[in-house]
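J.: The structure under discussion is supplied below as structure tokens; questions concerning it will follow.
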Amino acid sequence: MKKTVQLLIVFMLSMRIDAVNQNLIVSDTFPQKLSEFHFFVDGSAQIPHSDVIPYELISTLFSDYSYKQRWVYVPKNTKAQYQENWVFDFPIGSALIKTFYYPIDERNPELGKNLLETRLLLRKESGWEAVSYAWNDEQNEAFKKVAGKTINVSWIDFMGETKEVRYRVPNVNQCKECHAANDKITPIGPKARNINKDFQFEDGEFNQLTYWMSRQIIDNYPLDLISPVDWMDESQDLNERVRSYLDVNCGHCHSPTGNANSTGLYLHLNETRDVNLGVYKKPVATGRGSGGLKYSIVPGKPEESILLHRMISMDPGVMMPESGRALTHEEAVEMVREWIMFMEK
Amino acid sequence: MLIAGILFVSNNSFGKEIIISPGSDAQDRLQEAMILMDEGDTLVIAAGYYEFEDGLSLDVNNVTIKGDGMDKTILDFKSQKSGAQGLLVTSDKVTLKDFAILDAKGDALKVIGSNGINMINLRTEWTGGPKSTNGAYGFYPVESEDVLIEGCVAIGASDAGIYVGQSKNIIVRDSIAQYNVAGIEIENSYYADVYNNLASHNTAGILVFDLPDLPQQGGHHIRVFDNKAIDNDTDNFAPEGNIVGEVPRGTGIIVMANSDVEIFNNLMSGNGTVNLSIVSYSDETDDPNYYPHPKRIQVHNNTYGPGGFDPDLETGDLAKALFEISNGDMPDVFWDGVVPLSQMFFGQPEDEKLIMDEENQVSFLTISPIKYMLGFSNPIRKDKKEFKGVINPLEPIVIDGL
């Protein structure tokens with residue numbers, strides 16, 4: 001009954017509000033307020049317009065334990081084209097929308113969310129552009145933040161402990177640092193292989209690729225797609241879990257086309273050379289990031305591996321990734337520690 | 001709101017001038033201006049003291065950012081909480097001049113993939129003196145082309161004060177590098193002129209290095225001339241693991257694994273380990289595309305003051321090996337003599353040999369690796385005569401528009 005009422009409200013809201021504002025997506029400038037795009041029929045409650053489709057990734061980038069909700073919008077009568085090993089080629093006027101939030105209390109979702117920011121990737125005629133909107137204290141509007149913003153935020157975790165973080169909304173340049181491939185802004189997440197999983201949509205549970213096909217927002221995808229494993233799925237092979245984690249957390253910069261290509265350390269899924277994956281690889285221009293250690297990865301010796309040292313560190317001159325993290329991802333650190341510990345020498 | 005602090009002074013066909021002054025929200029105002037400025041604009045950072053909690057970045061082409069002088073416009077990052085460098089530049093045709101970047105948590109000024117970057121009269125400094133907790137690099141252009149570093153000052157970097165990596169067409173001149181591990185380092189780069197600089201009180205003065213397993217390697221065509229590499233007497237304070245961590249205190253100039261390097265008219269003096277070394281990359285590597293030996297190195301008309309009087313036997317292998325093999329009689333110029341195995345037996349090709357034309361009193365030492373390996377009692381050579389030859393000057397570097 002409750003669900004029906006909710007759906008009815010959503011339906012009524014979507015009747016009242018205009019369609020997604022296509023002109024703003026392709027416009028040269030970004031509007032001041034997120035609501036102007038009409039991506040949401042109710043921004044505070046994060047209820048999307050019916051043309052805006054939610055999705056999830058198999059493995060996600062760590063962002064200080066914040067939660068993320070993702071949506072895709074593709075203009076009517078156009079489709080994103082499948083590309084092998086790459087993100088879908090979205091048509092002009094598309095938008096990828098991602099809201100970051102902390103639950104007030106992880107033990108009790110009913111208590112609500114603290115919305116931080118909604119990041120947009122907008123497909124304009126000239127290519128993708130990135131911008132973020134930070135939610136106000138009243139949580140009823142998000143405002144454009146070209147230079148980024150600091151939000152000191154706290155939440156209660158599953159253990160009942162209060163956690164605090166100096167959360168940074170990235171500035172436009174920082175968006176580009178991760179989202180650049182061959183000097184052009186590009187989405188990272190929606191590769192076919194990364195969204196090849198089931199999701200609970202309003203109208204039922206479906207494989208996301210199947211659903212995207214039925215909504216006619218993609219042209220095609222291969223049925224024999226090999227997808228990365230969910231790094232949190234402990235039933236999976238450890239090496240595959242770690243490679244999946246490193247791919248999504250490091251591989252966008254640490255790849256031959258990424259911002260960190262000068263390092264020679266490549267952590268994207270397709271890398272196969274041991275030395276480029278960091279095994280007995282010496283640091284190049286790491287400076288004190290090395291922490292006095294000699295190699296990125298020393299098989300059998302996690303405590304001597306720079307890669308782990310930089311995942312643990314919270315010092316801005318040492319830590320990896322360079323931006324978007326202020327806390328240590330303990331669960332991932334433990335997994336990578338185990339991976340290095342049992343790596344063949 | 002933020003815009004209120006920005007004054008638009010002029011707006012003409014050469015772009016507008018934007019002035020940022022010290023005061024509250026300076027970080028946000030400066031960063032926002034760096035994002036919103038258009039091609040052709042000049043951003044002026046007025047004299048004063050600016051404190052930052054987050055790194056700055058610039059990604060607009062064809063702009064100038066200038067302060068009021070490297071001692072007047074001070075960008076201080078000692079309270080930095082995020083960002084791997086003080087200022088990051090990722091755009092083309094950028095001129096930065098007349099300001100200082102202090103106490104960045106990581107690198108001070110990093111430039112990635114820029115085509116046309118001028119760094120003029122800037123200062124990067126860690127103000128607490130040489131410490132392993134200082135950031136790695138003062139000036140750090142990488143994967144860039146047409147790189148000018150002129151009249152700059154770099155102090156206290158825990159790797160290199162001025163570091164140019166995997167770049168092309170480079171001029172580093174009239175600059176000062178002091179109290180860094182390496183003063184000036186040109187690494188995996190092509191076509192560089194390094195001249196009229198002072199590199200003193202570093203661990204090592206000037207390094208020309210090439211390393212394996214990188215996208216750009218095979219460093220070549222590097223001219224190092226009219227520099228003073230003097231009194232490099234600071235203990236190595238680089239964190240272990242970095243290649244410069246193996247450099248002994250008291251080295252003037254080191255050339256490693258590059259080709260076509262011309263070292264001339266420099267003053268090397270007061271370097272307690274050795275004034276000039278020419279060496280191979282000595283660690284193991286499986287990189288099939290990497291050539292670990294120096295070749296076509298030309299050394300001439302340099303002036304040598306006291307050297308080798310206080311060799312640093314604690315750091316790396318270079319000083320230790322040289323000390324042992326020379327019985328403590330450290331030379332002005334050292335070549336490790338290491339060549340590919342076939343050349344050990346059949347000799348180096350004529351046009352790849354080291355050429356040296358220095359005054360008679362300049363002392364020299366090299367090793368015959370074959371004799372050394374076979375345990376000959378005297379595997380060293382000290383005679384410079386066989387290295388005398390015709391100097392073929394390398395072409396000067398030209399950067400269009402300078």
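Chain identifiers are assigned as A, B, and so on, following the order in which chains appear in the structure tokens; residues are numbered from 1 within each chain, and ligands are numbered from 1 in order of appearance.
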List as a list in words the protein and nucleic acid residues near Lys33 of chain A, meaning an atom at most 12 Å away when only C-alpha atoms are counted, but skip any in the same chain fewer than 6 places from it.

T.: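 In the requested format, the answer is Leu24, Phe39, Gly43, Glu117, Thr118, Val131, Ser132, Tyr133, Ala134, Trp135, Asn136, Asn140, Glu141, Ala142, Phe143, Lys144 and Lys145 of chain A.
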
J.: Given only C-alpha atoms, how would the per-residue table for segment 7-41 of chain B near segment 94-118 of chain B read, listing every residue at most 12 Å away with its closest atom pair and distance in Å to one decimal, sorted by chain and number, as a tab-separated table?

T.:
residue	atom	partner	partner_atom	distance
B:Met34	CA	B:Val94	CA	11.8
B:Glu39	CA	B:Val94	CA	9.8
B:Gly40	CA	B:Val94	CA	9.7
B:Asp41	CA	B:Val94	CA	10.5

J.: Write out as a PyMOL selection string every residue belonging to chain B that has an atom at most 6 Å from any atom of chain A, counting only C-alpha atoms.

T.: chain B and resi 31-32+82-84+105-106+136+159+214+239-242

J.: Taking 6 positions as the minimum chain separation for residues in the same chain, which residues sit within 8 Å of Leu267 of chain A when counting only C-alpha atoms? Answer as a PyMOL selection string.

T.: chain A and resi 243+246-247+250-251+254-255+276-277

J.: Can you pull out every residue from segment 173-206 of chain A that DSSP, working from the backbone, puts in strand (DSSP E or B), and format the result as a list in words?

T.: Ala180, Ala181, Lys184, Ile185, Lys191, Asp198, Phe199, Gln200, Phe201, Gly204, Glu205 and Phe206 of chain A

J.: Extract the full set of alpha helix (DSSP H) residues from segment 216-370 of chain B according to DSSP on the backbone, and format it as a list in words.

T.: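 Those in segment 216-370 of chain B that DSSP calls alpha helix (DSSP H) are Leu318, Ala319, Lys320, Ala321, Leu322, Phe323, Glu324, Ile325, Leu341, Ser342, Gln343, Met344, Phe345, Phe346, Pro369 and Ile370 of chain B.
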
J.: Using only C-alpha atoms, please write the residues we just selected to a file, as a tab-separated table (two decimals), in the first residue's frame.

T.:
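Output file out-v9.tsv follows:
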chain	number	residue	atom	x	y	z
B	318	LEU	CA	79.29	4.88	-6.40
B	319	ALA	CA	81.48	6.50	-3.74
B	320	LYS	CA	82.38	3.21	-2.12
B	321	ALA	CA	83.41	1.54	-5.37
B	322	LEU	CA	85.35	4.56	-6.52
B	323	PHE	CA	87.08	4.88	-3.17
B	324	GLU	CA	88.16	1.24	-3.21
B	325	ILE	CA	89.33	1.17	-6.76
B	341	LEU	CA	79.46	-7.38	-23.12
B	342	SER	CA	80.37	-7.59	-26.80
B	343	GLN	CA	82.04	-4.18	-26.61
B	344	MET	CA	84.10	-5.32	-23.62
B	345	PHE	CA	85.78	-7.81	-25.92
B	346	PHE	CA	85.71	-6.07	-29.26
B	369	PRO	CA	85.47	-4.15	-16.55
B	370	ILE	CA	87.10	-7.22	-18.12

J.: Would you compute the distance between atom CA of Gln80 of chain B and atom CA of Ser167 of chain B? Give it in Å to one decimal.

T.: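 About the pair atom CA of Gln80 of chain B and atom CA of Ser167 of chain B: they are 28.4 Å apart.
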
J.: Mind pulling up the distance from atom CA of Val208 of chain B to atom CA of Glu185 of chain B?

T.: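 About the pair atom CA of Glu185 of chain B and atom CA of Val208 of chain B: they are 5.8 Å apart.
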